[in-house]
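Worksheet for the structure shown next.
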Amino acid sequence: MPYGLYLSAEGAHAQATRLEVIAHNLANVDTAGFKRELAVFQARYAEETERGEDYPGSGSINDVGGGVLVQETKTDFAPGPLKRTSVPTDMAIQGEGFFLVGKEGETFLTRAGNFLLNARGELVTQYGGQEFAVLTDAGTPVVLDPEGGPWELTTSGAIRQAGTAQSLAVVRPASLGDLVRMGENVFKPLADPLPVAPGDRSVLGGYLEMSGVQPTTEMIELIEASRAVEANLNMMQAQDEMLSGLVNRLMRSA
């Protein structure tokens, strides 16, 4: 394949991947606690350099570069805006930290506090059609007595009912790079998370942290990526036409 055609094809593929990431962000613009993803681009070496047949900076024809590729997708953990819902089981963390939820011995982290009380009085969250228990600092599910009277949530994350208190587990990962996305708003920590000190917690009842996606920004990036795909496809078409013209001239002169 001619080198220019190869570079244009790689560019079109990278921008198409970026389009998929942006589309996923836009699809979750109303998902509570959602964190937007970013496509991270990286310059490629020429094919000969990647094969070890040349080296960067050699000054040869192979030192022209190999276009771009999407190296990875990264999650932007910037906090989303808070929305007042006045629903008692809706909770939002201000500042640092994640809620700890669990199922079948596995624990996950989430910023989405759109919790529910099930028939057993357990505070749960929904993920993939399954219930995940919201956990306390002791690692046990939060359970409220339906007949135990009203309950309240303190700003430190403690739920008080009938003279007893259960402190919600508010944790932070050792590194944000340790979090693996398991769904729209649930993350699996690769290392044991660390508890956020009670004095550093701020949990609001009747509020939700909304999606971190800004529709205007995503739409601008969507237009940029679409035009970049179109430009690369036009370059491929132009190079194909030049190659066809060259072949036809050679055949006529033969």
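Each chain in the structure tokens gets a letter, A, B, ..., in the order shown, and its residues are numbered from 1; ligands are numbered from 1 in order too.
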Which residues are close to segment 51-68 of chain A, i.e. within 7 Å by only C-alpha atoms, leaving aside same-chain residues fewer than 3 positions away? Reply as a PDB file with C-alpha atoms, in the first residue's frame.
ATOM      1  CA  LEU A   7      -1.188   7.185   6.845  1.00  0.00           C
ATOM      2  CA  GLU A  10      -4.676   5.083  10.048  1.00  0.00           C
ATOM      3  CA  GLY A  11      -5.854   8.649  10.626  1.00  0.00           C
ATOM      4  CA  ALA A  14      -8.173   6.752  14.852  1.00  0.00           C
ATOM      5  CA  PHE A  41      -3.868   9.832  20.609  1.00  0.00           C
ATOM      6  CA  GLN A  42      -0.224   8.934  20.111  1.00  0.00           C
ATOM      7  CA  ALA A  43       2.116   9.462  17.186  1.00  0.00           C
ATOM      8  CA  ARG A  44       3.222   6.251  15.482  1.00  0.00           C
ATOM      9  CA  TYR A  45       6.676   5.411  14.252  1.00  0.00           C
ATOM     10  CA  ALA A  46       7.154   4.319  10.680  1.00  0.00           C
ATOM     11  CA  GLU A  47       6.543   0.608  10.051  1.00  0.00           C
ATOM     12  CA  GLU A  48      10.248  -0.119   9.643  1.00  0.00           C
TER      13      GLU A  48
END
Picked from segment 15-220 of chain A by DSSP as strand (DSSP E), as a ChimeraX atom specification: /A:37-43,68-75,82-84,91-93,98-103,106-110,116-117,123-127,130-134,151-153,158-161,164-167,170-172,179-181,186-189,194-195,203-205,207-209
Expected file: the selected residues, C-alpha atoms, as a PDB file, in the first residue's frame:
ATOM      1  CA  GLU A  37     -14.048   9.123  28.522  1.00  0.00           C
ATOM      2  CA  LEU A  38     -11.262  10.627  26.438  1.00  0.00           C
ATOM      3  CA  ALA A  39      -9.532   9.061  23.451  1.00  0.00           C
ATOM      4  CA  VAL A  40      -5.772   9.545  23.884  1.00  0.00           C
ATOM      5  CA  PHE A  41      -3.868   9.832  20.609  1.00  0.00           C
ATOM      6  CA  GLN A  42      -0.224   8.934  20.111  1.00  0.00           C
ATOM      7  CA  ALA A  43       2.116   9.462  17.186  1.00  0.00           C
ATOM      8  CA  VAL A  68      -1.441   8.496  14.722  1.00  0.00           C
ATOM      9  CA  LEU A  69      -3.277   5.853  16.706  1.00  0.00           C
ATOM     10  CA  VAL A  70      -5.581   5.774  19.731  1.00  0.00           C
ATOM     11  CA  GLN A  71      -3.266   4.575  22.470  1.00  0.00           C
ATOM     12  CA  GLU A  72      -5.991   4.220  25.116  1.00  0.00           C
ATOM     13  CA  THR A  73      -9.190   5.687  26.479  1.00  0.00           C
ATOM     14  CA  LYS A  74      -8.938   7.455  29.817  1.00  0.00           C
ATOM     15  CA  THR A  75     -11.659   8.452  32.240  1.00  0.00           C
ATOM     16  CA  LEU A  82     -25.031  18.440  41.812  1.00  0.00           C
ATOM     17  CA  LYS A  83     -28.802  18.357  41.338  1.00  0.00           C
ATOM     18  CA  ARG A  84     -31.296  18.688  44.158  1.00  0.00           C
ATOM     19  CA  MET A  91     -27.031  10.965  47.993  1.00  0.00           C
ATOM     20  CA  ALA A  92     -24.087  12.890  46.600  1.00  0.00           C
ATOM     21  CA  ILE A  93     -20.473  13.223  47.674  1.00  0.00           C
ATOM     22  CA  PHE A  98     -16.594   7.198  46.173  1.00  0.00           C
ATOM     23  CA  PHE A  99     -19.431   5.154  47.615  1.00  0.00           C
ATOM     24  CA  LEU A 100     -18.524   1.511  48.208  1.00  0.00           C
ATOM     25  CA  VAL A 101     -21.032  -1.065  46.922  1.00  0.00           C
ATOM     26  CA  GLY A 102     -20.791  -4.833  46.806  1.00  0.00           C
ATOM     27  CA  LYS A 103     -22.249  -8.065  45.535  1.00  0.00           C
ATOM     28  CA  GLU A 106     -16.832  -8.247  45.327  1.00  0.00           C
ATOM     29  CA  THR A 107     -16.667  -4.517  45.964  1.00  0.00           C
ATOM     30  CA  PHE A 108     -17.041  -1.668  43.500  1.00  0.00           C
ATOM     31  CA  LEU A 109     -16.794   2.106  43.604  1.00  0.00           C
ATOM     32  CA  THR A 110     -19.340   4.593  42.310  1.00  0.00           C
ATOM     33  CA  LEU A 116     -33.158   2.616  46.598  1.00  0.00           C
ATOM     34  CA  LEU A 117     -34.550   0.729  49.570  1.00  0.00           C
ATOM     35  CA  LEU A 123     -30.007   0.375  50.689  1.00  0.00           C
ATOM     36  CA  VAL A 124     -29.033  -0.745  47.185  1.00  0.00           C
ATOM     37  CA  THR A 125     -28.040   0.541  43.776  1.00  0.00           C
ATOM     38  CA  GLN A 126     -28.939  -0.891  40.387  1.00  0.00           C
ATOM     39  CA  TYR A 127     -26.284  -1.998  37.908  1.00  0.00           C
ATOM     40  CA  GLN A 130     -28.849  -6.504  39.497  1.00  0.00           C
ATOM     41  CA  GLU A 131     -28.910  -5.090  43.008  1.00  0.00           C
ATOM     42  CA  PHE A 132     -25.642  -4.066  44.640  1.00  0.00           C
ATOM     43  CA  ALA A 133     -25.662  -3.398  48.366  1.00  0.00           C
ATOM     44  CA  VAL A 134     -24.439  -0.042  49.626  1.00  0.00           C
ATOM     45  CA  TRP A 151     -34.009   8.293  59.463  1.00  0.00           C
ATOM     46  CA  GLU A 152     -31.543  11.025  58.587  1.00  0.00           C
ATOM     47  CA  LEU A 153     -28.217  11.347  56.775  1.00  0.00           C
ATOM     48  CA  ALA A 158     -23.762   8.513  58.831  1.00  0.00           C
ATOM     49  CA  ILE A 159     -27.365   7.272  58.646  1.00  0.00           C
ATOM     50  CA  ARG A 160     -29.164   7.605  61.968  1.00  0.00           C
ATOM     51  CA  GLN A 161     -32.365   5.818  62.880  1.00  0.00           C
ATOM     52  CA  THR A 164     -28.394   3.839  66.058  1.00  0.00           C
ATOM     53  CA  ALA A 165     -25.989   5.029  63.364  1.00  0.00           C
ATOM     54  CA  GLN A 166     -24.481   3.343  60.317  1.00  0.00           C
ATOM     55  CA  SER A 167     -21.606   5.120  58.632  1.00  0.00           C
ATOM     56  CA  VAL A 170     -16.712   6.666  51.617  1.00  0.00           C
ATOM     57  CA  VAL A 171     -13.384   5.636  50.101  1.00  0.00           C
ATOM     58  CA  ARG A 172     -10.803   6.772  47.599  1.00  0.00           C
ATOM     59  CA  LEU A 179     -10.056   1.993  38.590  1.00  0.00           C
ATOM     60  CA  VAL A 180     -11.452  -0.188  35.806  1.00  0.00           C
ATOM     61  CA  ARG A 181     -14.772   0.855  34.321  1.00  0.00           C
ATOM     62  CA  VAL A 186     -19.390   1.593  38.427  1.00  0.00           C
ATOM     63  CA  PHE A 187     -15.656   0.988  38.780  1.00  0.00           C
ATOM     64  CA  LYS A 188     -13.635  -1.987  39.993  1.00  0.00           C
ATOM     65  CA  PRO A 189     -10.559  -1.050  42.070  1.00  0.00           C
ATOM     66  CA  LEU A 194      -8.492   3.815  51.321  1.00  0.00           C
ATOM     67  CA  PRO A 195     -11.155   5.251  53.665  1.00  0.00           C
ATOM     68  CA  VAL A 203     -22.309  13.707  51.878  1.00  0.00           C
ATOM     69  CA  LEU A 204     -25.528  15.470  50.892  1.00  0.00           C
ATOM     70  CA  GLY A 205     -28.941  13.844  51.164  1.00  0.00           C
ATOM     71  CA  TYR A 207     -28.924  15.442  45.941  1.00  0.00           C
ATOM     72  CA  LEU A 208     -27.417  13.577  42.987  1.00  0.00           C
ATOM     73  CA  GLU A 209     -24.130  14.060  41.212  1.00  0.00           C
TER      74      GLU A 209
END
